[in-house]
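These notes concern the structure reproduced below.
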Amino acid sequence: MTRYVMVADLRRCVGCQTCTAACKEGNNTPPGVQWRRVLDLERGTYPDVSRVFVPVGCQHCAEPPCLEVCPSTATRKRADGIVTIDEDLCIGCSYCLMACPYDARFLIERREYAFGDTPTAAEAARARRHTAGVASKCTFCVGRIDAGTARGKVPGRDPEATPLCVNSCISGALRFGDIDDPTSPVATLLAENQWFRMHEEEGTNPGFYYVWDKGAL
Amino acid sequence: MANATQAASTRSVPSYCYNCVAGPDLMRVRVENGVATRIDPCHEAASVHPGLGRVCVKAFGLVQKTYNPHRVLTPMKRTNPRKGRDEDPRFVPISWDEALDTIAARLKAIRETGLLDAAGLPRVAATFGHGGTPQSYMGTFPAFLSAWGPIDYSFGSGQGVKCVHSEHLYGEFWHRGFTVCADTVHTRYIISCGTNTEVSGGVCAVRRHADARIRGVKRVQVEPHLSPTGACSAEWVPIRPKTDPAFLLALVHTLLFEHPRSALDVPFLRERTASPYLVGEDGYYLRDPETAKPLVWDTMRGSAVAFDAPGASPALEGRFTVADAITVGPDWERRLQRDAPARTGFTAMADALRDATPDWAAGICDIPATTIRRIAAEFLDHACIGETIEIDGEVLPFRPVAVTLGKTVNNGWGAYECCWARTMLATLVGALEVPGGTLGTTVRLNRPHENRLLSVRPGEDGFMASSFNPTDRANWQAQPSGRNAHRTLVPIVGNSPWAQALGPTHLAWMFSREAPAEWTPPPLPEVWFAFRTNPAISFWDTAEIGRAMARMPFVVAFAYTHDETNHMADILLPDATDLESTQLIRIGGTKFIEQHWDHRGFALRAAAVAPQGEARDFTWISTELARRTGLLERYNAALNRGAAGVPLKTDAYDFSLATDRAHDVDTIWNAVCQAGSAELSDGAEIHDLAWFRDHGHCVVPFRREDWYLYPTMVRLGLRFELPYQERLLRVGAELGRRLHEQGIHWWDSQLDEYVAIPQWHDVPGRWKQAVRDAGADPDAYPFWGITTKTMPYTTGNNAGIPLMNEVGANLRGHGSVILNAATAARLGISPGDWVEVRSPVGATHGRAEPVQGCRPDTVVIPGQFDHWKTPVARDLAFPSLNTVVPLSLRLTDATGSGADVVRVALRRIPAPRRARAREAAA
């Protein structure tokens, strides 16, 4: 089997938001919609303070709460673990937004553009147009994965088959690949380091791992 | 069929991003049906680019930058002759012909009158923005500037304040380090005083440090607030602002007095530094009476001998009596010294720092003495004294400890002490310019820029040659050649092409309004060019800078959008921006910040899309200006000499351009591409513009050994000019004499900085005194106001790009006033409340963001905002420290730099009207 997962090595992440910007530009998401973003968390009391940067987004759960509540079957889970939304089926009910414990889903209520109501040439030119009134979220750049693997490329190894956020990450914090392949870089990274997943207690079995060796965030 | 059409109309165009000094980084531009839609990393460069062919967040704003609907897309002229913030310029579109002819007429009139005015100052001035990066976007404009002749570059856009100014000058003097960094790929321990590597170090530094963290490096971040770099460090030490000199001097003290000499690299100190040089009682080196060579105490002979005497075994430290010597004081006054008491430079250092104990520093820095001692001990523990490493087949010392300094630590008063102490910490353990240690990256005050090692030439006294501005009576430049008087006031900055812009650039602005009594106010330039710069936002006391700018008689601004600086312009010229124009630049080798490559070569920024509107390629603009000004032949000759980055004709190749005609953009860059590739391959492999458009870059290997200066010093038998600063002592004394001979005393406090061994003086007290000087009570301004950067903005650019604001908002404090949570509670300030940050100069307003990671006595305002004209940015209603930092001679150090620090008051206020209106609209 194949299960694609994302790994964020928090020892590396510097909070630069390059992944956020690359995702927004590559997926042409409207202002305010950030399928990938990096949280800036602080813990402690002066002067004993720590600050950690935590990339977040859809966790592509094995047991996705969003899927359970979707009345239109727009949300689905593929065999390779990627959770998708069929915009043609989505009715914009927002149940999934409420169900997601990761705050990873967005309802695009109306078309907005970077500079206001009129799209720039770049925004207008993009093949991908987000439908107003439907839910959206990180897709793990599923189109790139499918197109890349169709050409024999390996997600996480070959940029052509790898999510844009991972390709853009300047610190090497974001990694991607098939966790079920023990030789994959993500499997190796997780095998050799301490890691956690967010809200595991929810029983979601998320496909997003955080490498971290400095205790609770 | 549709898919085939789409695929056929999609291209990926090679380019680079050089929007900050940490670049250049390589990228690709995805173009769909002639429209740039996405920035991609340049994955095929992963094996040559230290950042694996990736670009940072800023590059992802370039698509929005290109299609920003607020762009200026036609040449424009001002129709309202009155200038000022409150004056509508009444710009109207004009043709390129009218714009260029108008400028050319002005320029030709100047040439007929004379290139210099009655005061001997250039009649034409130019200001370019951030750290020389505009040069990678101005095409062949350098050829035009070269063809023109003298240009005044002394009107700064923030340099001296926003850069690491003192490091530029002292770093290059001591070890050819215009910027200085850790050898991150080898180091194991870094003391980072405010170096915000994870924000402003660029792609290469971020990757190197991330790898180092995984490898187990320990970085101690010493800074008043917890930056992203502090967040990614092993330890945060919240130091009181502007007390870093005390901290660093105490570290030096600890190494000297609390650890055995065997913990230091004694052979390095003895053989590669001036530590053994004997210092006389008058403070100058004791020298051989015949040769004037500095003397050392030969422990074998028991007498003083010249420093380079064969077979000598110099004493590192001690006090001696020298029978017969001379000293050479200011103006080369030779003083005979008989039976002269002497001590080594090392001993002079120890004497000067005897009282700089950790316990003393603790009270100044608000850092426990135990912490200072522990850090010093850790530094020594990691220094690996005596170990070696093989680099490129050469065995070199391995000293994996480094000390880095950030902005503000490195600027203004206290920076000399910090630079010296940092360099001495490295020197004491032999970690200067060796693997693992503290390294320079590039040179700008010396040449060649491409390889700093080649800039090293033997100079006086066993040191590298330095190019100080003369201070002797015969050659000192009493009459400035530029409006910031860099050659007159700042000897160490020299007079290279970069030197003027590294002088005290705020003086040009200040003196245009009011000069000191003994100083003739410099007349304003008759034409001022501005490109990729917005001093009306990015300098101190921005209101005053704006007023000074409004007095400029004729301003030509290359304009992307309307902004606060080009609001004062007479002509706006829309240049084709990053993705729309063509230029070849050098990449690789060692460059600013942490660009240490194993390759060197060239990269092309190919025009990925057609320019928007009437915007034109800068090379076309430059050629037309040259042609219309009657400078075409000189312009082409400058191109042939290498003004576009590569000589077009050498003994090995000839791609020179005919000088009697105007060449189009592609013809020029085709010649440059061929010359560049010929230079790389000694003529064996020639790549033209078409090849570079396909392949993007071309590189050859660069020796890793050339990252380090140490082997060159050994090969040339040279010593680092440390610890004792005899040259600076002499130069300062001479400068004082020259100025006083002219009746000038307003630079006297700066003269105090010329000491042989830097010691603590009340650095923070200078800022409190500045409040008193402004007629205010220091107690009314109880906080330190400082600033910091965020990667989406880094410097002042990108402020009008919505994507940067959106992603920047994920970072705490974006667009806000960061303050300590307990302080906020004490003042009744809640998160999101509007606060006023006020100095005696003025006030700025923003929302409060209380955090734990900030000293209680400090407020932090990220970025450079407070825009009132730039579209998008003007609606942000973000605060800016620049608004409240005074332009101040008193706060200017001897190098001409100041610091982004100001004493401020803080209070909660109702939401300002502008903010209320914005929120209502939202």
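Chain labels run A, B, ... following the order of the structure tokens; each chain numbers its residues from 1, and ligands are numbered from 1 in the order shown.
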
Pick out the chain B residues within 6 Å of chain A. Count only C-alpha atoms. Give them as a compact mmCIF listing (two decimals) with N, CA and C atoms, in the first residue's frame.
# COMPACT_ATOMS: atom_id res chain seq x y z
N THR B 37 2.73 33.26 -13.94
CA THR B 37 1.71 32.80 -12.99
C THR B 37 2.30 32.24 -11.70
N CYS B 56 13.42 32.43 -1.34
CA CYS B 56 12.64 32.64 -0.12
C CYS B 56 11.28 33.26 -0.44
N VAL B 57 10.54 33.53 0.58
CA VAL B 57 9.16 33.99 0.45
C VAL B 57 9.04 35.24 -0.40
N TYR B 67 2.08 42.32 -11.76
CA TYR B 67 0.72 42.67 -12.22
C TYR B 67 -0.01 43.60 -11.24
N VAL B 203 18.29 32.33 1.87
CA VAL B 203 18.06 30.90 1.67
C VAL B 203 19.28 30.08 2.09
N VAL B 206 19.75 30.06 5.93
CA VAL B 206 18.69 29.30 6.61
C VAL B 206 18.94 27.80 6.46
N ARG B 207 19.30 27.38 5.28
CA ARG B 207 19.54 25.96 5.06
C ARG B 207 20.77 25.48 5.84
N ALA B 210 19.93 25.30 9.50
CA ALA B 210 19.03 24.18 9.80
C ALA B 210 19.83 22.87 9.81
N ALA B 231 14.42 31.97 18.42
CA ALA B 231 13.53 30.81 18.56
C ALA B 231 14.23 29.53 18.11
N MET B 791 10.96 38.07 7.20
CA MET B 791 11.46 37.65 5.90
C MET B 791 10.62 38.17 4.72
N LEU B 811 3.09 35.79 11.38
CA LEU B 811 4.16 35.95 12.36
C LEU B 811 3.73 36.93 13.43
N GLN B 852 5.79 37.26 25.69
CA GLN B 852 6.73 36.96 26.77
C GLN B 852 8.18 37.15 26.29
N GLY B 853 8.40 36.93 25.02
CA GLY B 853 9.77 36.97 24.49
C GLY B 853 10.25 38.36 24.17

Out of range 6-214 of chain A, which residues get strand (DSSP E) from DSSP, as a VMD selection string?
-> chain A and resid 6 to 9 37 to 45 48 to 56 75 to 77 83 to 85 106 to 108 134 to 136 174 to 178 195 to 196 208 to 211

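When CA of Gly171 in chain B is paired with CA of Arg54 in chain B, their separation reads 28.9 Å.
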
Show me, as a PDB file with N, CA and C atoms, in the first residue's frame, the residues that have an atom within 7 Å of Val237 in chain B when counting only C-alpha atoms, minus same-chain residues fewer than 4 positions from it.
ATOM      1  N   GLN B 221      21.772  32.885  21.406  1.00  0.00           N
ATOM      2  CA  GLN B 221      21.267  34.114  20.789  1.00  0.00           C
ATOM      3  C   GLN B 221      21.142  35.195  21.856  1.00  0.00           C
ATOM      4  N   VAL B 222      21.881  36.257  21.679  1.00  0.00           N
ATOM      5  CA  VAL B 222      21.923  37.343  22.662  1.00  0.00           C
ATOM      6  C   VAL B 222      21.214  38.542  22.050  1.00  0.00           C
ATOM      7  N   GLU B 223      20.009  38.826  22.519  1.00  0.00           N
ATOM      8  CA  GLU B 223      19.235  39.906  21.903  1.00  0.00           C
ATOM      9  C   GLU B 223      18.086  40.291  22.828  1.00  0.00           C
TER      10      GLU B 223
END

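Within 6 Å of Ala342 in chain B, once only C-alpha atoms are used and residues closer than 5 positions along the same chain are dropped, the contacting residues are Leu278, Val279, Gly280, Arg319, Phe320 and Thr321 of chain B.
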
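The smallest atom-to-atom distance between Trp212 in chain A and any of A:Ile82, A:Cys138, A:Val54, A:Cys100, using only C-alpha atoms, is found for A:Val54.
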
Write out as a ChimeraX atom specification the residues lying within 9 Å of Gln59 in chain A, counting only C-alpha atoms and excluding same-chain residues fewer than 5 positions away.
-> /A:5-6,64,83,102,104,138,198,204-209

Would you save the residues of that selection, restricted to N, CA and C atoms, as a JSON list (two decimals), in the first residue's frame?
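File part_4.json, as written:
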[["chain", "number", "residue", "atom", "x", "y", "z"],
["A", 5, "VAL", "N", 2.33, 11.01, 3.25],
["A", 5, "VAL", "CA", 2.28, 11.82, 4.47],
["A", 5, "VAL", "C", 3.22, 13.01, 4.32],
["A", 6, "MET", "N", 2.94, 13.99, 5.12],
["A", 6, "MET", "CA", 3.81, 15.17, 5.23],
["A", 6, "MET", "C", 4.54, 15.07, 6.57],
["A", 64, "PRO", "N", -10.81, 10.65, 8.63],
["A", 64, "PRO", "CA", -11.08, 12.11, 8.59],
["A", 64, "PRO", "C", -12.46, 12.48, 9.11],
["A", 83, "VAL", "N", -6.91, 13.10, 1.14],
["A", 83, "VAL", "CA", -8.31, 13.48, 1.31],
["A", 83, "VAL", "C", -8.62, 14.60, 0.32],
["A", 102, "TYR", "N", -8.36, 20.49, 12.99],
["A", 102, "TYR", "CA", -7.10, 21.16, 12.62],
["A", 102, "TYR", "C", -7.32, 22.53, 11.99],
["A", 104, "ALA", "N", -8.35, 23.37, 9.25],
["A", 104, "ALA", "CA", -7.63, 23.31, 7.98],
["A", 104, "ALA", "C", -8.50, 23.61, 6.77],
["A", 138, "CYS", "N", -5.99, 22.03, 1.70],
["A", 138, "CYS", "CA", -4.78, 21.45, 1.11],
["A", 138, "CYS", "C", -5.11, 20.12, 0.44],
["A", 198, "MET", "N", -0.65, 15.75, 15.65],
["A", 198, "MET", "CA", -1.58, 16.63, 16.36],
["A", 198, "MET", "C", -2.90, 15.91, 16.63],
["A", 204, "THR", "N", -8.03, 10.47, 14.71],
["A", 204, "THR", "CA", -8.04, 10.83, 13.29],
["A", 204, "THR", "C", -6.96, 10.12, 12.49],
["A", 205, "ASN", "N", -5.96, 9.64, 13.18],
["A", 205, "ASN", "CA", -4.82, 9.00, 12.50],
["A", 205, "ASN", "C", -4.28, 9.91, 11.38],
["A", 206, "PRO", "N", -3.80, 11.08, 11.77],
["A", 206, "PRO", "CA", -3.41, 12.06, 10.76],
["A", 206, "PRO", "C", -2.18, 11.63, 9.95],
["A", 207, "GLY", "N", -2.14, 12.13, 8.74],
["A", 207, "GLY", "CA", -1.01, 11.87, 7.86],
["A", 207, "GLY", "C", -0.02, 13.02, 7.85],
["A", 208, "PHE", "N", 0.12, 13.69, 8.95],
["A", 208, "PHE", "CA", 1.03, 14.84, 9.06],
["A", 208, "PHE", "C", 1.81, 14.63, 10.35],
["A", 209, "TYR", "N", 3.11, 14.48, 10.23],
["A", 209, "TYR", "CA", 3.97, 14.15, 11.35],
["A", 209, "TYR", "C", 4.86, 15.34, 11.68]]

Alpha helix (DSSP H) call set, DSSP backbone run, range 82-221 of chain B, as a PyMOL selection string | chain B and resi 96-113+141-148+165-166+172-175+197-200+202-215

What does the file look like for those residues with N, CA and C atoms, as a tab-separated table (two decimals), in the first residue's frame?
chain	number	residue	atom	x	y	z
B	96	TRP	N	7.92	58.54	-23.80
B	96	TRP	CA	9.32	58.28	-23.45
B	96	TRP	C	10.22	59.34	-24.07
B	97	ASP	N	9.89	59.75	-25.27
B	97	ASP	CA	10.72	60.77	-25.91
B	97	ASP	C	10.76	62.04	-25.08
B	98	GLU	N	9.60	62.46	-24.63
B	98	GLU	CA	9.58	63.70	-23.85
B	98	GLU	C	10.33	63.54	-22.54
B	99	ALA	N	10.11	62.39	-21.90
B	99	ALA	CA	10.77	62.17	-20.61
B	99	ALA	C	12.29	62.15	-20.78
B	100	LEU	N	12.76	61.37	-21.73
B	100	LEU	CA	14.20	61.23	-21.89
B	100	LEU	C	14.83	62.53	-22.41
B	101	ASP	N	14.13	63.20	-23.30
B	101	ASP	CA	14.67	64.46	-23.80
B	101	ASP	C	14.73	65.52	-22.70
B	102	THR	N	13.74	65.51	-21.83
B	102	THR	CA	13.74	66.46	-20.72
B	102	THR	C	14.94	66.22	-19.81
B	103	ILE	N	15.16	64.94	-19.50
B	103	ILE	CA	16.31	64.60	-18.63
B	103	ILE	C	17.61	64.93	-19.35
B	104	ALA	N	17.67	64.55	-20.63
B	104	ALA	CA	18.91	64.77	-21.37
B	104	ALA	C	19.23	66.26	-21.47
B	105	ALA	N	18.20	67.07	-21.64
B	105	ALA	CA	18.45	68.52	-21.73
B	105	ALA	C	19.06	69.03	-20.43
B	106	ARG	N	18.54	68.56	-19.32
B	106	ARG	CA	19.11	68.94	-18.02
B	106	ARG	C	20.56	68.50	-17.92
B	107	LEU	N	20.78	67.26	-18.32
B	107	LEU	CA	22.13	66.71	-18.18
B	107	LEU	C	23.12	67.41	-19.11
B	108	LYS	N	22.67	67.69	-20.31
B	108	LYS	CA	23.57	68.37	-21.26
B	108	LYS	C	23.90	69.78	-20.77
B	109	ALA	N	22.93	70.41	-20.17
B	109	ALA	CA	23.20	71.75	-19.62
B	109	ALA	C	24.24	71.67	-18.52
B	110	ILE	N	24.16	70.63	-17.74
B	110	ILE	CA	25.15	70.45	-16.68
B	110	ILE	C	26.53	70.22	-17.28
B	111	ARG	N	26.59	69.39	-18.29
B	111	ARG	CA	27.89	69.10	-18.88
B	111	ARG	C	28.51	70.38	-19.46
B	112	GLU	N	27.65	71.25	-19.97
B	112	GLU	CA	28.19	72.50	-20.53
B	112	GLU	C	28.69	73.43	-19.43
B	113	THR	N	28.03	73.34	-18.25
B	113	THR	CA	28.42	74.21	-17.14
B	113	THR	C	29.63	73.65	-16.39
B	141	PHE	N	22.82	50.54	-16.59
B	141	PHE	CA	22.89	51.90	-16.04
B	141	PHE	C	24.28	52.21	-15.48
B	142	PRO	N	24.98	51.24	-14.88
B	142	PRO	CA	26.35	51.55	-14.42
B	142	PRO	C	27.24	52.07	-15.55
B	143	ALA	N	27.00	51.62	-16.77
B	143	ALA	CA	27.79	52.13	-17.90
B	143	ALA	C	27.46	53.59	-18.15
B	144	PHE	N	26.19	53.93	-18.02
B	144	PHE	CA	25.82	55.33	-18.18
B	144	PHE	C	26.47	56.19	-17.09
B	145	LEU	N	26.41	55.70	-15.85
B	145	LEU	CA	27.00	56.45	-14.73
B	145	LEU	C	28.50	56.62	-14.94
B	146	SER	N	29.13	55.55	-15.42
B	146	SER	CA	30.56	55.61	-15.69
B	146	SER	C	30.86	56.62	-16.79
B	147	ALA	N	30.02	56.60	-17.82
B	147	ALA	CA	30.23	57.53	-18.94
B	147	ALA	C	30.03	58.98	-18.49
B	148	TRP	N	29.15	59.17	-17.53
B	148	TRP	CA	28.85	60.52	-17.09
B	148	TRP	C	30.03	61.19	-16.41
B	165	HIS	N	26.91	48.27	9.47
B	165	HIS	CA	27.85	49.24	8.93
B	165	HIS	C	29.26	49.12	9.49
B	166	SER	N	29.38	49.07	10.79
B	166	SER	CA	30.72	49.03	11.36
B	166	SER	C	31.44	47.75	10.98
B	172	GLU	N	36.27	44.46	7.00
B	172	GLU	CA	37.09	44.45	5.79
B	172	GLU	C	38.53	44.85	6.12
B	173	PHE	N	38.71	45.74	7.08
B	173	PHE	CA	40.04	46.16	7.50
B	173	PHE	C	40.80	45.00	8.13
B	174	TRP	N	40.16	44.28	9.01
B	174	TRP	CA	40.87	43.26	9.77
B	174	TRP	C	40.99	41.93	9.03
B	175	HIS	N	39.94	41.56	8.30
B	175	HIS	CA	40.04	40.23	7.66
B	175	HIS	C	39.21	40.15	6.38
B	197	THR	N	19.75	35.62	11.60
B	197	THR	CA	20.06	34.76	10.46
B	197	THR	C	18.81	34.14	9.86
B	198	GLU	N	17.92	33.65	10.69
B	198	GLU	CA	16.76	32.92	10.19
B	198	GLU	C	15.75	33.83	9.50
B	199	VAL	N	15.95	35.13	9.62
B	199	VAL	CA	15.06	36.08	8.94
B	199	VAL	C	15.75	36.76	7.76
B	200	SER	N	16.96	37.21	7.98
B	200	SER	CA	17.61	38.00	6.94
B	200	SER	C	18.87	37.36	6.39
B	202	GLY	N	18.92	34.85	4.40
B	202	GLY	CA	18.68	34.32	3.06
B	202	GLY	C	18.59	32.80	3.04
B	203	VAL	N	18.29	32.33	1.87
B	203	VAL	CA	18.06	30.90	1.67
B	203	VAL	C	19.28	30.08	2.09
B	204	CYS	N	20.44	30.54	1.68
B	204	CYS	CA	21.65	29.75	1.95
B	204	CYS	C	21.90	29.64	3.45
B	205	ALA	N	21.79	30.77	4.16
B	205	ALA	CA	22.04	30.74	5.59
B	205	ALA	C	21.00	29.90	6.32
B	206	VAL	N	19.75	30.06	5.93
B	206	VAL	CA	18.69	29.30	6.61
B	206	VAL	C	18.94	27.80	6.46
B	207	ARG	N	19.30	27.38	5.28
B	207	ARG	CA	19.54	25.96	5.06
B	207	ARG	C	20.77	25.48	5.84
B	208	ARG	N	21.82	26.29	5.78
B	208	ARG	CA	23.05	25.88	6.47
B	208	ARG	C	22.83	25.77	7.97
B	209	HIS	N	22.11	26.72	8.53
B	209	HIS	CA	21.88	26.68	9.97
B	209	HIS	C	20.92	25.56	10.36
B	210	ALA	N	19.93	25.30	9.50
B	210	ALA	CA	19.03	24.18	9.80
B	210	ALA	C	19.83	22.87	9.81
B	211	ASP	N	20.68	22.71	8.83
B	211	ASP	CA	21.53	21.51	8.80
B	211	ASP	C	22.42	21.45	10.04
B	212	ALA	N	22.94	22.61	10.43
B	212	ALA	CA	23.83	22.66	11.59
B	212	ALA	C	23.09	22.28	12.87
B	213	ARG	N	21.83	22.71	12.97
B	213	ARG	CA	21.05	22.35	14.17
B	213	ARG	C	20.87	20.84	14.27
B	214	ILE	N	20.59	20.24	13.12
B	214	ILE	CA	20.43	18.79	13.13
B	214	ILE	C	21.75	18.13	13.49
B	215	ARG	N	22.83	18.75	13.05
B	215	ARG	CA	24.17	18.21	13.36
B	215	ARG	C	24.52	18.41	14.83

So which residues touch Asp461 in chain B within 10 Å, counting only C-alpha atoms, skipping near sequence neighbours fewer than 5 positions away, as a PyMOL selection string?
-> chain B and resi 274+277+285+287+292-295+306-308+718-719+721

Contact residues around Ile786 in chain B with only C-alpha atoms at 9 Å, ignoring same-chain residues under 4 positions, as number ranges by chain = B: 224, 241, 408, 858-862, 881, 900-903

Could you take the residues named above and write them with C-alpha atoms, as an mmCIF file, in the first residue's frame?
data_model
loop_
_atom_site.group_PDB
_atom_site.id
_atom_site.type_symbol
_atom_site.label_atom_id
_atom_site.label_comp_id
_atom_site.auth_asym_id
_atom_site.auth_seq_id
_atom_site.Cartn_x
_atom_site.Cartn_y
_atom_site.Cartn_z
ATOM 1 C CA PRO B 224 16.568 42.000 23.663
ATOM 2 C CA PRO B 241 19.805 47.083 24.266
ATOM 3 C CA THR B 408 22.133 47.677 15.640
ATOM 4 C CA THR B 858 11.985 47.266 25.257
ATOM 5 C CA VAL B 859 9.405 47.742 22.533
ATOM 6 C CA VAL B 860 9.948 46.334 19.073
ATOM 7 C CA ILE B 861 8.458 47.623 15.838
ATOM 8 C CA PRO B 862 9.061 45.205 12.961
ATOM 9 C CA LEU B 881 10.436 53.037 14.208
ATOM 10 C CA ASP B 900 17.999 51.872 14.990
ATOM 11 C CA VAL B 901 17.582 52.622 18.667
ATOM 12 C CA VAL B 902 15.632 55.354 20.347
ATOM 13 C CA ARG B 903 14.297 56.124 23.795
#
